[in-house]
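Encoded as structure tokens, the structure appears first; notes follow it.
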Amino acid sequence: METEKKTQTAAAQMTDRDLSEQIKKVTKESHVRAENTELMMSFQKAQVTLPQYKLMLCSLYEIYQALEEELDRNSNHPGVAPIYFPAELARLESIEKDLEYFYGPDWRQKVVVPAATKRYCQRLRQIGKENPEFLLAHAYTRYLGDLSGGQVLGRIAQKSMGLKNSEGLSFFAFPGVSSPNLFKQLYRSRMNSVELTEEERNGVLEEAVRAFEFNIQVFDDLQKMLTVTENKLQSCLTHSTPVIVKTLQIPGTLINTSPLLQMVLGFFVALATVSVGIYAL
């Protein structure tokens with residue numbers, strides 16, 4: 001009986017020392033806050049819009065480009081090598097495919113990101129040079145989060161935006177992972193095997209919290225961008241309505257309209273397109 005108790009205590013202590021469990025514990029509050037941002041709530045309610053999704057993809061492109069370039073550069077570092085799974089987890093190519101689907105072949109010229117995304121990327125570049133083991137925290141936060149909710153969020157996005165198939169949703173697909181649950185177990189095991197000093201471990205835990213904070217800031221900034229854009233469009237529509245009515249009553253005068261009016265008319269066309277379920281812009 002005593003031996004059994006000692007074994008259970010030892011097992012509990014080992015679990016408490018697992019890096020994956022420690023990260024889960026210290027980021028619990030941040031995780032809840034991230035799930036309750038307006039953007040993530042839209043996903044959970046199956047109300048994500050095309051503008052929301054497209055802007056999110058732009059930020060994910062910048063974030064994963066920075067993360068994966070730093071992981072590639074530090075792939076032989078003892079703090080990175082055990083959790084380096086580019087064939088199974090790399091997202092950049094998938095995001096590029098989605099961006100081309102929504103924005104067209106010149107999508108690179110159309111990528112727009114908020115300040116929070118740029119700060120996130122700067123941090124990834126910084127630790128890639130100064131503290132590569134901290135990349136553990138960001139890789140765990142991003143990849144396992146995407147892998148955990150990928151299939152569900154993909155279906156939600158498809159339904160919310162009225163997409164007829166999986167085109168534009170490559171980000172959510174992990175063709176190199178046959179069993180997400182088994183792979184997550186392997187990933188956590190590899191992560192827990194990384195040898196860290198106490199100072200390095202504490203640094204990784206702090207970085208995990210920071211990773212969630214960066215994501216929350218990105219979600220909030222994206223929503224602000226959308227709100228500002230919607231307000232500007234509404235203002236354009238309000239102030240331009242009399243001009244539009246007059247122009248539409250005079251055949252042939254559309255050629256002479258101002259760029260602002262053309263933009264507003266373009267918005268009407270896009271709105272009508274969305275309303276009938278054709279979302280591949």
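Every chain in the structure tokens takes a letter, A first, then B, and so on in the order presented; its residues are numbered from 1, and the ligands are numbered from 1 following the presented order.
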Quiz item: Which polymer residues have any atom within 10 Å of an atom of Asp146 (chain A), counting only C-alpha atoms, with same-chain residues fewer than 2 positions away left out, as number ranges by chain?
Solution: A: 89, 91, 140-144, 148-151, 153, 171-174
Exercise. Can you check which residues of region 132-180 of chain A DSSP gives as alpha helix (DSSP H) on the backbone and send them as number ranges by chain?
Key: A: 135-139, 145-161, 180
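Candidate residues A:Cys121, A:Ile216, A:Cys58, A:Ile156 were compared for distance to Leu135 (chain A), and the nearest is A:Cys121, using only C-alpha atoms.
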Mind dumping a table of every region 91-138 of chain A residue within 9 Å of region 32-56 of chain A, with the nearest atom pair and its distance in Å to one decimal, using only C-alpha atoms, sorted by chain and rising number, as JSON lines?
```
{"residue": "A:Asp98", "atom": "CA", "partner": "A:Lys54", "partner_atom": "CA", "distance": 8.9}
{"residue": "A:Leu99", "atom": "CA", "partner": "A:Lys54", "partner_atom": "CA", "distance": 7.5}
{"residue": "A:Phe102", "atom": "CA", "partner": "A:Lys54", "partner_atom": "CA", "distance": 7.3}
{"residue": "A:Tyr103", "atom": "CA", "partner": "A:Lys54", "partner_atom": "CA", "distance": 8.5}
{"residue": "A:Val111", "atom": "CA", "partner": "A:Leu55", "partner_atom": "CA", "distance": 8.1}
{"residue": "A:Val112", "atom": "CA", "partner": "A:Leu55", "partner_atom": "CA", "distance": 7.2}
{"residue": "A:Val113", "atom": "CA", "partner": "A:Leu55", "partner_atom": "CA", "distance": 7.3}
```
